[in-house]
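Pasted below: upload06.txt, compact mmCIF, C-alpha atoms and all ligand atoms.
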# COMPACT_ATOMS: atom_id res chain seq x y z
CA MET W 1 13.08 110.87 -31.86
CA ALA W 2 13.45 109.86 -28.24
CA SER W 3 9.98 110.96 -27.38
CA ARG W 4 8.53 109.10 -30.35
CA ILE W 5 10.23 105.87 -29.18
CA SER W 6 8.98 106.32 -25.67
CA ARG W 7 5.47 107.01 -26.95
CA THR W 8 5.70 103.86 -29.03
CA LEU W 9 6.91 101.88 -26.03
CA VAL W 10 4.11 103.22 -23.88
CA ALA W 11 1.63 102.21 -26.53
CA MET W 12 3.15 98.73 -26.80
CA VAL W 13 3.13 98.22 -23.05
CA ALA W 14 -0.45 99.43 -22.84
CA THR W 15 -1.47 97.02 -25.59
CA ALA W 16 0.28 94.12 -23.89
CA GLY W 17 -1.33 95.03 -20.60
CA ALA W 18 -4.75 95.24 -22.17
CA THR W 19 -4.29 91.86 -23.80
CA LEU W 20 -3.18 90.34 -20.51
CA GLY W 21 -6.08 92.00 -18.72
CA VAL W 22 -8.60 90.53 -21.13
CA THR W 23 -7.09 87.09 -20.71
CA LEU W 24 -7.27 87.21 -16.93
CA ALA W 25 -10.68 88.83 -16.72
CA ASN W 26 -12.32 86.42 -19.13
CA PRO W 27 -11.23 82.85 -18.49
CA SER W 28 -12.59 80.42 -21.01
CA PRO W 29 -16.05 79.13 -20.07
CA ALA W 30 -14.58 75.65 -19.72
CA SER W 31 -12.55 76.69 -16.68
CA ALA W 32 -15.15 78.88 -15.01
CA ALA W 33 -16.69 77.59 -11.80
CA MET W 34 -20.24 76.38 -12.20
CA THR W 35 -22.88 76.87 -9.54
CA ILE W 36 -25.27 74.00 -9.04
CA CYS W 37 -28.31 75.04 -7.01
CA TYR W 38 -29.91 72.27 -5.02
CA ASN W 39 -33.29 72.42 -3.35
CA THR W 40 -34.17 70.41 -0.26
CA SER W 41 -37.74 71.64 0.28
CA GLN W 42 -39.04 68.13 -0.50
CA ALA W 43 -36.48 66.40 1.73
CA PRO W 44 -36.82 68.16 5.09
CA SER W 45 -35.26 65.26 7.02
CA TYR W 46 -32.14 65.38 4.87
CA ALA W 47 -31.48 69.10 4.38
CA SER W 48 -28.51 69.01 6.75
CA ILE W 49 -27.18 65.85 5.11
CA ALA W 50 -27.50 67.49 1.70
CA ASN W 51 -25.53 70.50 2.94
CA GLN W 52 -22.77 68.19 4.19
CA ALA W 53 -22.71 66.36 0.87
CA ALA W 54 -22.50 69.66 -1.01
CA THR W 55 -19.53 70.72 1.10
CA ILE W 56 -17.81 67.40 0.38
CA TRP W 57 -18.25 67.84 -3.37
CA ASN W 58 -17.24 71.50 -3.26
CA ASN W 59 -14.03 70.60 -1.43
CA ALA W 60 -13.27 67.63 -3.68
CA THR W 61 -13.68 69.47 -6.99
CA SER W 62 -12.07 72.64 -8.30
CA ASN W 63 -14.74 74.06 -10.56
CA LEU W 64 -18.06 73.38 -8.85
CA THR W 65 -20.05 75.22 -6.22
CA LEU W 66 -23.11 73.41 -4.93
CA THR W 67 -25.32 75.99 -3.22
CA ALA W 68 -28.52 75.43 -1.26
CA ASN W 69 -31.88 76.78 -2.37
CA CYS W 70 -30.68 79.31 -4.93
CA GLY W 71 -32.46 77.51 -7.74
CA THR W 72 -33.44 74.06 -8.91
CA ASN W 73 -30.66 72.44 -10.89
CA LEU W 74 -30.97 69.59 -8.43
CA ARG W 75 -34.12 68.74 -6.51
CA ILE W 76 -33.78 66.37 -3.57
CA TYR W 77 -36.72 64.28 -2.40
CA GLN W 78 -37.26 61.86 0.46
CA ILE W 79 -39.34 58.79 -0.23
CA THR W 80 -40.29 55.71 1.77
CA GLY W 81 -39.40 52.38 0.16
CA GLY W 82 -38.49 51.62 -3.43
CA GLY W 83 -34.83 52.44 -3.04
CA SER W 84 -32.75 55.57 -3.29
CA TYR W 85 -31.94 56.65 -6.82
CA ALA W 86 -30.96 59.52 -9.05
CA VAL W 87 -32.34 60.87 -12.32
CA ARG W 88 -29.81 62.91 -14.24
CA THR W 89 -31.44 65.01 -16.94
CA SER W 90 -28.13 66.53 -18.01
CA LEU W 91 -24.74 67.09 -16.42
CA GLY W 92 -25.33 68.95 -13.16
CA ASN W 93 -29.10 68.76 -13.41
CA GLY W 94 -31.65 66.26 -12.16
CA ARG W 95 -33.34 64.77 -9.14
CA VAL W 96 -32.16 62.70 -6.19
CA TYR W 97 -34.49 60.46 -4.17
CA ILE W 98 -33.46 59.34 -0.69
CA ASP W 99 -35.30 56.28 0.62
CA THR W 100 -35.79 56.80 4.35
CA GLN W 101 -35.76 53.04 4.95
CA GLN W 102 -32.42 52.61 3.21
CA ALA W 103 -31.05 55.65 5.00
CA ALA W 104 -31.80 53.85 8.25
CA GLN W 105 -29.56 50.95 7.14
CA TYR W 106 -26.85 52.64 5.12
CA SER W 107 -25.05 55.88 5.95
CA PRO W 108 -27.43 58.63 4.79
CA LEU W 109 -24.48 60.92 4.03
CA ARG W 110 -22.86 58.25 1.83
CA ILE W 111 -26.17 57.73 0.04
CA MET W 112 -26.54 61.48 -0.51
CA THR W 113 -23.01 62.11 -1.81
CA HIS W 114 -23.27 58.98 -4.01
CA GLU W 115 -26.58 59.98 -5.58
CA ILE W 116 -25.34 63.53 -6.14
CA GLY W 117 -22.29 61.91 -7.76
CA HIS W 118 -24.63 60.56 -10.44
CA ILE W 119 -25.93 64.07 -11.10
CA LEU W 120 -22.30 65.18 -11.42
CA GLY W 121 -21.66 62.59 -14.12
CA LEU W 122 -20.41 59.48 -12.35
CA PRO W 123 -21.69 55.97 -13.09
CA ASP W 124 -22.06 53.15 -10.57
CA ASN W 125 -19.15 50.85 -9.80
CA TYR W 126 -20.32 47.89 -7.76
CA ASN W 127 -16.91 46.54 -6.82
CA GLY W 128 -17.48 46.56 -3.07
CA ASP W 129 -14.59 48.96 -2.41
CA CYS W 130 -15.52 51.26 0.47
CA ALA W 131 -12.79 53.70 -0.65
CA LEU W 132 -14.97 54.46 -3.66
CA LEU W 133 -18.11 56.52 -3.34
CA MET W 134 -19.72 55.07 -6.43
CA SER W 135 -19.48 51.50 -5.13
CA GLY W 136 -22.62 52.45 -3.19
CA GLY W 137 -24.27 49.68 -1.22
CA SER W 138 -21.97 46.99 -2.65
CA ALA W 139 -19.52 48.00 0.09
CA GLY W 140 -22.08 46.97 2.72
CA THR W 141 -24.03 48.77 5.38
CA GLY W 142 -20.87 49.07 7.48
CA CYS W 143 -19.24 51.34 4.91
CA THR W 144 -19.93 54.93 5.88
CA ASN W 145 -17.31 56.62 3.68
CA PRO W 146 -18.99 59.71 2.19
CA TYR W 147 -15.98 60.95 0.23
CA PRO W 148 -15.29 60.46 -3.48
CA SER W 149 -11.89 58.99 -4.24
CA THR W 150 -9.35 61.27 -5.90
CA ALA W 151 -10.07 59.58 -9.22
CA GLU W 152 -13.83 60.01 -8.82
CA ALA W 153 -13.46 63.68 -7.84
CA ASN W 154 -11.02 64.38 -10.65
CA ARG W 155 -13.38 62.82 -13.18
CA VAL W 156 -16.17 65.16 -12.08
CA THR W 157 -13.82 68.14 -12.38
CA SER W 158 -12.81 67.00 -15.87
CA LEU W 159 -16.41 66.47 -16.95
CA PHE W 160 -17.36 70.00 -15.90
CA ALA W 161 -14.18 71.46 -17.36
CA GLY W 162 -15.16 69.97 -20.69
CA THR W 163 -11.64 68.70 -21.23
CA LEU W 164 -12.51 65.08 -21.99
CA SER W 165 -12.97 63.75 -25.50
CA ALA W 166 -16.27 62.18 -26.46
CA THR W 167 -14.67 58.76 -26.08
CA GLU W 168 -13.36 59.60 -22.62
CA ARG W 169 -16.73 60.98 -21.55
CA GLY W 170 -18.58 57.95 -22.80
CA THR W 171 -22.18 58.31 -21.74
CA ASP W 172 -21.27 59.72 -18.34
CA SER W 173 -22.32 63.26 -19.02
CA SER W 174 -24.81 63.09 -21.83
CA GLY W 175 -28.51 62.53 -21.99
CA ALA W 176 -31.10 61.63 -19.40
CA THR W 177 -30.11 58.67 -17.25
CA VAL W 178 -31.72 56.92 -14.30
CA PHE W 179 -29.47 55.30 -11.71
CA ARG W 180 -31.26 52.73 -9.58
CA ASP W 181 -30.42 49.84 -7.28
CA SER W 182 -27.25 51.32 -5.85
CA TRP W 183 -28.22 50.20 -2.35
CA PRO W 184 -29.24 46.54 -2.15
CA ALA W 185 -31.72 45.65 0.51
CA ALA W 186 -29.83 44.65 3.62
CA LEU W 187 -30.84 41.54 5.52
CA ALA W 188 -33.08 42.31 8.44
CA PRO W 189 -31.23 42.01 11.72
CA VAL W 190 -31.87 38.67 13.46
CA GLY W 191 -33.95 38.83 16.62
ZN ZN A 201 -25.69 54.62 -7.76
In structure tokens, what does this structure look like?
Amino acid sequence: MASRISRTLVAMVATAGATLGVTLANPSPASAAMTICYNTSQAPSYASIANQAATIWNNATSNLTLTANCGTNLRIYQITGGGSYAVRTSLGNGRVYIDTQQAAQYSPLRIMTHEIGHILGLPDNYNGDCALLMSGGSAGTGCTNPYPSTAEANRVTSLFAGTLSATERGTDSSGATVFRDSWPAALAPVG
């Protein structure tokens, strides 16, 4: 009798342990970290800036790892004139174009983290607030803040976690979208 109970208990504990083990070993896909591979081969002047921007986003979010040159989720290009912009093909995928002329007026790191922000699902917000990353050039050439606000970073985390309803997501994470004109042409310096 006693041995049967202990065998039963052992079996129950083993079952509970196995269930727990499965739960811990297989987190739901929604909470798994996602690797976004970016490629800077077409933006040699901004490879270091891209690495800094990736570190900023990795630190600001809890479920993303932007990694250099492991693939091509995100291709980064440098162009001359026409304005910096981003083309998001889907959440976490697309292309970023850095205008070398704009990067000589605005903080190149702020431009890079902002444009990557579009790839990560964020829209523009031209309210002139330098504390926001997605205010872009509306905050002026003097604004060099390259960090997303807590709200901006948390929104990216939520988008990748898949925890937002369709209404909450809006169009931020769906479909192909082009984000242009984030960095208005600055007036040429006098003299
Ligand atoms: Zn923008």
Legend entry - Straight-line distance linking CA of Ala185 in chain W with CA of Ser84 in chain W, stated in Å to one decimal: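 Here the two named atoms are 10.7 Å from each other.
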Inset, instruction - Go through W:Asn145, W:Ser135, W:Thr177, W:Thr40 and flag the residue nearest ligand ZN 201 (chain A), using all atoms listed in the file for the distances. - result: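 Of W:Asn145, W:Ser135, W:Thr177, W:Thr40, the one nearest ligand ZN 201 (chain A), counting all atoms listed in the file, is W:Ser135.
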Legend entry - Option closest in space to Tyr147 in chain W, from W:Ala104, W:Val178, W:Cys130, W:Ile98 [counting only C-alpha atoms]: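 Using only C-alpha atoms, the shortest distance to Tyr147 in chain W belongs to W:Cys130.
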Set the cut-off to 9 Å, count only C-alpha atoms and all ligand atoms, and list whatever residues fall near ligand ZN 201 (chain A) as a tab-separated table (two decimals) with C-alpha atoms, in the coordinates of the input.
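Printed below is out-v7.tsv as written:
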chain	number	residue	atom	x	y	z
W	84	SER	CA	-32.75	55.57	-3.29
W	85	TYR	CA	-31.94	56.65	-6.82
W	86	ALA	CA	-30.96	59.52	-9.05
W	111	ILE	CA	-26.17	57.73	0.04
W	114	HIS	CA	-23.27	58.98	-4.01
W	115	GLU	CA	-26.58	59.98	-5.58
W	117	GLY	CA	-22.29	61.91	-7.76
W	118	HIS	CA	-24.63	60.56	-10.44
W	122	LEU	CA	-20.41	59.48	-12.35
W	123	PRO	CA	-21.69	55.97	-13.09
W	124	ASP	CA	-22.06	53.15	-10.57
W	125	ASN	CA	-19.15	50.85	-9.80
W	126	TYR	CA	-20.32	47.89	-7.76
W	133	LEU	CA	-18.11	56.52	-3.34
W	134	MET	CA	-19.72	55.07	-6.43
W	135	SER	CA	-19.48	51.50	-5.13
W	136	GLY	CA	-22.62	52.45	-3.19
W	137	GLY	CA	-24.27	49.68	-1.22
W	179	PHE	CA	-29.47	55.30	-11.71
W	180	ARG	CA	-31.26	52.73	-9.58
W	181	ASP	CA	-30.42	49.84	-7.28
W	182	SER	CA	-27.25	51.32	-5.85
W	183	TRP	CA	-28.22	50.20	-2.35
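Interatomic distance, CA of Gly81 in chain W to CA of Arg95 in chain W: 16.6 Å.
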Inset, instruction - Identify which of the residues W:Gln42, W:Leu164, W:Tyr106, W:Thr55 lies closest to Ser138 in chain W, counting all atoms listed in the file when measuring atom-to-atom distances. - result: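 Closest residue, counting all atoms listed in the file: W:Tyr106.
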